[in-house]
Every structure is written in C-alpha cells, then in structure tokens.
Amino acid sequence: MVEAVWNISPQTLWQQGIRSLILDLDNTLVDWNQEHLRPEVEAWTRECRKVGLSLCICTNAQRKDRIRRIASSIGACYLARAGKPVAKAWRRALWLLRCRPEQAAVVGDQVFTDIWGANRFGIMTILVKPLSDRDFFATKVPRLFEKRLLASWQAKGRSFQPHL
Ligand SMILES: [Mg+2]
C-alpha cells in the first residue's frame, strides 16, 4: 500500500524480478474519467519504461478512444472493458505483456476490483490512494466496504506507506 503511483520505485520493482506492470486507469493514473495525466504520473511512467518495465493499462472503463490515447502517450498496451476482478482480465493482460504472473505487479486504487482478484491470480499487487474523490456510480457501494476494511487494516498497523 503506497500513497500514489509516483511514490513507487520502478528500480525496486525491477530488482524484485518484476518485469511488467498492469495499471488501473481511473483514479490510479488519471482522475476519474479524465484524460489529462498529471506531470508526476507522466514522469513516473517514463521512469518505468527507462528501467525496462512493460506497461499495460487494464481498465473496466468503456470509452476505447480515451483509453487508447492515454495508453499510446505513455507507451503502454491496453485492455478496455477488462472485466476486473475476474481472472480473464489478468490472463488477457499477461498475454498482451507476454509475462508470467510472478513477473507482474498490478497497481490500482480499488481493493475489490484491482487487488483482490489479482492476488487470487497470484500477481503481486500495490494499492494506491484514489487520485480524486469522484467515482463511477457503481463504485460507491464497494467503496463503503473498502473504507471499513482499510480502517480495520490500519488498526492492525497496516497503512499506506509514503514510498515503495
Ligand atoms: Mg480505479
């Protein structure tokens, strides 16, 4: 668990044997439903690629044109309407990246969509705080459960780290 993507060290991931990143889009790389990449995010993706990490945007979002433009601007492949947290989403992303589960890491802002499913699939996961407090309407209910879960983790001493 780390505050934001730009606080994740690509070098550290590489040293841990990670070769590919499967990235959530909304509220992880961009504010919800936006296209503009914050300079910190852009710089971080450049750093990732410099280190040698392959990137894949894996999102449940529908609008392909927006996703394609963002993916091409950061040199990533993409999977729209991925169907996370279902295993098919991770399998397809790994296939696009030509990567084994143990060499990939998933980065996302939602416990039940990004983290839970990918962990079950055997992929390392990194939870980040959402970039904005705006969400898809169907995300509002899972967020309530997520809030309670995060509070219980925090009580056990697990919380968001400033850096990874
Ligand atoms: Mg998200």
# chains A, B, ... in the order shown; residues from 1 in each chain; ligands from 1
call {"tool": "select_by_dssp", "arguments": {"residues": "stretch 54-93 of chain A", "states": "helix (DSSP H, G or I)", "output": "list in words"}}
result
Lys64, Asp65, Arg66, Ile67, Arg68, Arg69, Ile70, Ala71, Ser72, Ser73, Ala87, Lys88, Ala89, Trp90, Arg91, Arg92 and Ala93 of chain A
call {"tool": "write_last_selection", "arguments": {"atoms": "C-alpha atoms", "output": "CSV table (one decimal), in the first residue's frame"}}
result
chain,number,residue,atom,x,y,z
A,64,LYS,CA,-11.9,3.0,-26.0
A,65,ASP,CA,-10.7,6.2,-27.7
A,66,ARG,CA,-9.8,7.9,-24.4
A,67,ILE,CA,-8.0,4.7,-23.1
A,68,ARG,CA,-6.1,4.3,-26.4
A,69,ARG,CA,-4.9,7.9,-26.4
A,70,ILE,CA,-3.7,7.6,-22.8
A,71,ALA,CA,-2.0,4.3,-23.4
A,72,SER,CA,-0.2,5.5,-26.5
A,73,SER,CA,1.0,8.6,-24.7
A,87,ALA,CA,-9.4,-13.9,-13.8
A,88,LYS,CA,-9.9,-13.4,-17.5
A,89,ALA,CA,-8.9,-9.8,-17.1
A,90,TRP,CA,-5.5,-10.7,-15.6
A,91,ARG,CA,-5.0,-13.6,-18.1
A,92,ARG,CA,-5.5,-11.3,-21.0
A,93,ALA,CA,-3.3,-8.5,-19.7
call {"tool": "select_by_dssp", "arguments": {"residues": "stretch 24-158 of chain A", "states": "strand (DSSP E)", "output": "ChimeraX atom specification"}}
result
/A:54-58,77-79,104-108,124-127
call {"tool": "closest_atom_pairs", "arguments": {"of": "chain A", "to": "ligand 1", "cutoff": "9 Å", "atoms": "only C-alpha atoms and all ligand atoms", "output": "tab-separated table"}}
result
residue	atom	partner	partner_atom_place_in_ligand_line	distance
A:Asp24	CA	ligand 1	1 (Mg)	5.5
A:Leu25	CA	ligand 1	1 (Mg)	5.7
A:Asp26	CA	ligand 1	1 (Mg)	4.2
A:Asn27	CA	ligand 1	1 (Mg)	4.7
A:Thr28	CA	ligand 1	1 (Mg)	5.5
A:Leu29	CA	ligand 1	1 (Mg)	8.3
A:Val30	CA	ligand 1	1 (Mg)	8.9
A:Asp31	CA	ligand 1	1 (Mg)	8.9
A:Trp32	CA	ligand 1	1 (Mg)	7.5
A:Thr59	CA	ligand 1	1 (Mg)	7.6
A:Asn60	CA	ligand 1	1 (Mg)	8.6
A:Gly108	CA	ligand 1	1 (Mg)	5.8
A:Asp109	CA	ligand 1	1 (Mg)	5.0
A:Gln110	CA	ligand 1	1 (Mg)	5.8
A:Thr113	CA	ligand 1	1 (Mg)	8.0
A:Asp114	CA	ligand 1	1 (Mg)	7.6
A:Pro130	CA	ligand 1	1 (Mg)	7.0
A:Leu131	CA	ligand 1	1 (Mg)	8.8
A:Asp135	CA	ligand 1	1 (Mg)	8.2
call {"tool": "closest_residue", "arguments": {"among": "A:Leu53, A:Val111, A:Leu164, A:Val86", "to": "A:Ile22", "atoms": "only C-alpha atoms"}}
result
A:Leu53
call {"tool": "atom_distance", "arguments": {"atom1": "atom CA of A:Ala105", "atom2": "atom CA of A:Phe121"}}
result
11.1 Å
call {"tool": "residues_around", "arguments": {"residues": "A:Arg143", "least_positions_apart": "3", "cutoff": "12 Å", "atoms": "only C-alpha atoms", "output": "list in words"}}
result
Asp109, Gln110, Val111, Phe112, Thr113, Lys129, Pro130, Asp133, Arg134, Asp135, Phe136, Phe137, Ala138, Thr139, Lys140, Glu146, Lys147, Arg148, Leu149 and Leu150 of chain A
call {"tool": "write_last_selection", "arguments": {"atoms": "N, CA and C atoms", "output": "PDB file, in the first residue's frame"}}
result
ATOM      1  N   ASP A 109      -6.413   1.378  -7.454  1.00  0.00           N
ATOM      2  CA  ASP A 109      -6.926   2.121  -6.294  1.00  0.00           C
ATOM      3  C   ASP A 109      -8.123   1.438  -5.623  1.00  0.00           C
ATOM      4  N   GLN A 110      -8.542   0.268  -6.159  1.00  0.00           N
ATOM      5  CA  GLN A 110      -9.719  -0.366  -5.560  1.00  0.00           C
ATOM      6  C   GLN A 110      -9.398  -1.769  -5.051  1.00  0.00           C
ATOM      7  N   VAL A 111      -9.686  -1.992  -3.787  1.00  0.00           N
ATOM      8  CA  VAL A 111      -9.372  -3.280  -3.168  1.00  0.00           C
ATOM      9  C   VAL A 111     -10.099  -4.422  -3.864  1.00  0.00           C
ATOM     10  N   PHE A 112     -11.395  -4.248  -4.102  1.00  0.00           N
ATOM     11  CA  PHE A 112     -12.172  -5.393  -4.593  1.00  0.00           C
ATOM     12  C   PHE A 112     -12.027  -5.602  -6.103  1.00  0.00           C
ATOM     13  N   THR A 113     -11.679  -4.575  -6.825  1.00  0.00           N
ATOM     14  CA  THR A 113     -11.550  -4.707  -8.275  1.00  0.00           C
ATOM     15  C   THR A 113     -10.116  -5.030  -8.682  1.00  0.00           C
ATOM     16  N   LYS A 129      -3.812   5.222  -3.132  1.00  0.00           N
ATOM     17  CA  LYS A 129      -4.987   6.023  -2.775  1.00  0.00           C
ATOM     18  C   LYS A 129      -5.613   6.579  -4.051  1.00  0.00           C
ATOM     19  N   PRO A 130      -6.944   6.656  -4.132  1.00  0.00           N
ATOM     20  CA  PRO A 130      -7.568   7.219  -5.346  1.00  0.00           C
ATOM     21  C   PRO A 130      -7.127   8.667  -5.587  1.00  0.00           C
ATOM     22  N   ASP A 133     -11.848  12.135  -5.520  1.00  0.00           N
ATOM     23  CA  ASP A 133     -12.943  11.516  -4.760  1.00  0.00           C
ATOM     24  C   ASP A 133     -14.167  11.299  -5.640  1.00  0.00           C
ATOM     25  N   ARG A 134     -13.996  11.509  -6.935  1.00  0.00           N
ATOM     26  CA  ARG A 134     -15.092  11.192  -7.858  1.00  0.00           C
ATOM     27  C   ARG A 134     -14.943   9.747  -8.326  1.00  0.00           C
ATOM     28  N   ASP A 135     -16.082   9.071  -8.492  1.00  0.00           N
ATOM     29  CA  ASP A 135     -16.082   7.660  -8.863  1.00  0.00           C
ATOM     30  C   ASP A 135     -17.238   7.356  -9.805  1.00  0.00           C
ATOM     31  N   PHE A 136     -17.105   6.262 -10.525  1.00  0.00           N
ATOM     32  CA  PHE A 136     -18.223   5.697 -11.269  1.00  0.00           C
ATOM     33  C   PHE A 136     -19.320   5.379 -10.249  1.00  0.00           C
ATOM     34  N   PHE A 137     -20.613   5.603 -10.598  1.00  0.00           N
ATOM     35  CA  PHE A 137     -21.670   5.446  -9.569  1.00  0.00           C
ATOM     36  C   PHE A 137     -21.684   4.056  -8.948  1.00  0.00           C
ATOM     37  N   ALA A 138     -21.382   3.034  -9.746  1.00  0.00           N
ATOM     38  CA  ALA A 138     -21.423   1.653  -9.231  1.00  0.00           C
ATOM     39  C   ALA A 138     -20.278   1.354  -8.269  1.00  0.00           C
ATOM     40  N   THR A 139     -19.333   2.273  -8.172  1.00  0.00           N
ATOM     41  CA  THR A 139     -18.184   2.061  -7.285  1.00  0.00           C
ATOM     42  C   THR A 139     -18.485   2.529  -5.862  1.00  0.00           C
ATOM     43  N   LYS A 140     -19.566   3.295  -5.716  1.00  0.00           N
ATOM     44  CA  LYS A 140     -19.840   3.914  -4.405  1.00  0.00           C
ATOM     45  C   LYS A 140     -20.053   2.877  -3.293  1.00  0.00           C
ATOM     46  N   GLU A 146     -14.782  -1.000   1.384  1.00  0.00           N
ATOM     47  CA  GLU A 146     -13.344  -0.778   1.319  1.00  0.00           C
ATOM     48  C   GLU A 146     -12.878   0.104   2.484  1.00  0.00           C
ATOM     49  N   LYS A 147     -13.673   1.137   2.756  1.00  0.00           N
ATOM     50  CA  LYS A 147     -13.345   2.071   3.828  1.00  0.00           C
ATOM     51  C   LYS A 147     -13.249   1.327   5.170  1.00  0.00           C
ATOM     52  N   ARG A 148     -14.205   0.445   5.399  1.00  0.00           N
ATOM     53  CA  ARG A 148     -14.216  -0.313   6.655  1.00  0.00           C
ATOM     54  C   ARG A 148     -13.022  -1.266   6.724  1.00  0.00           C
ATOM     55  N   LEU A 149     -12.731  -1.890   5.578  1.00  0.00           N
ATOM     56  CA  LEU A 149     -11.601  -2.813   5.509  1.00  0.00           C
ATOM     57  C   LEU A 149     -10.285  -2.089   5.787  1.00  0.00           C
ATOM     58  N   LEU A 150     -10.120  -0.919   5.145  1.00  0.00           N
ATOM     59  CA  LEU A 150      -8.884  -0.151   5.325  1.00  0.00           C
ATOM     60  C   LEU A 150      -8.740   0.286   6.778  1.00  0.00           C
TER      61      LEU A 150
END
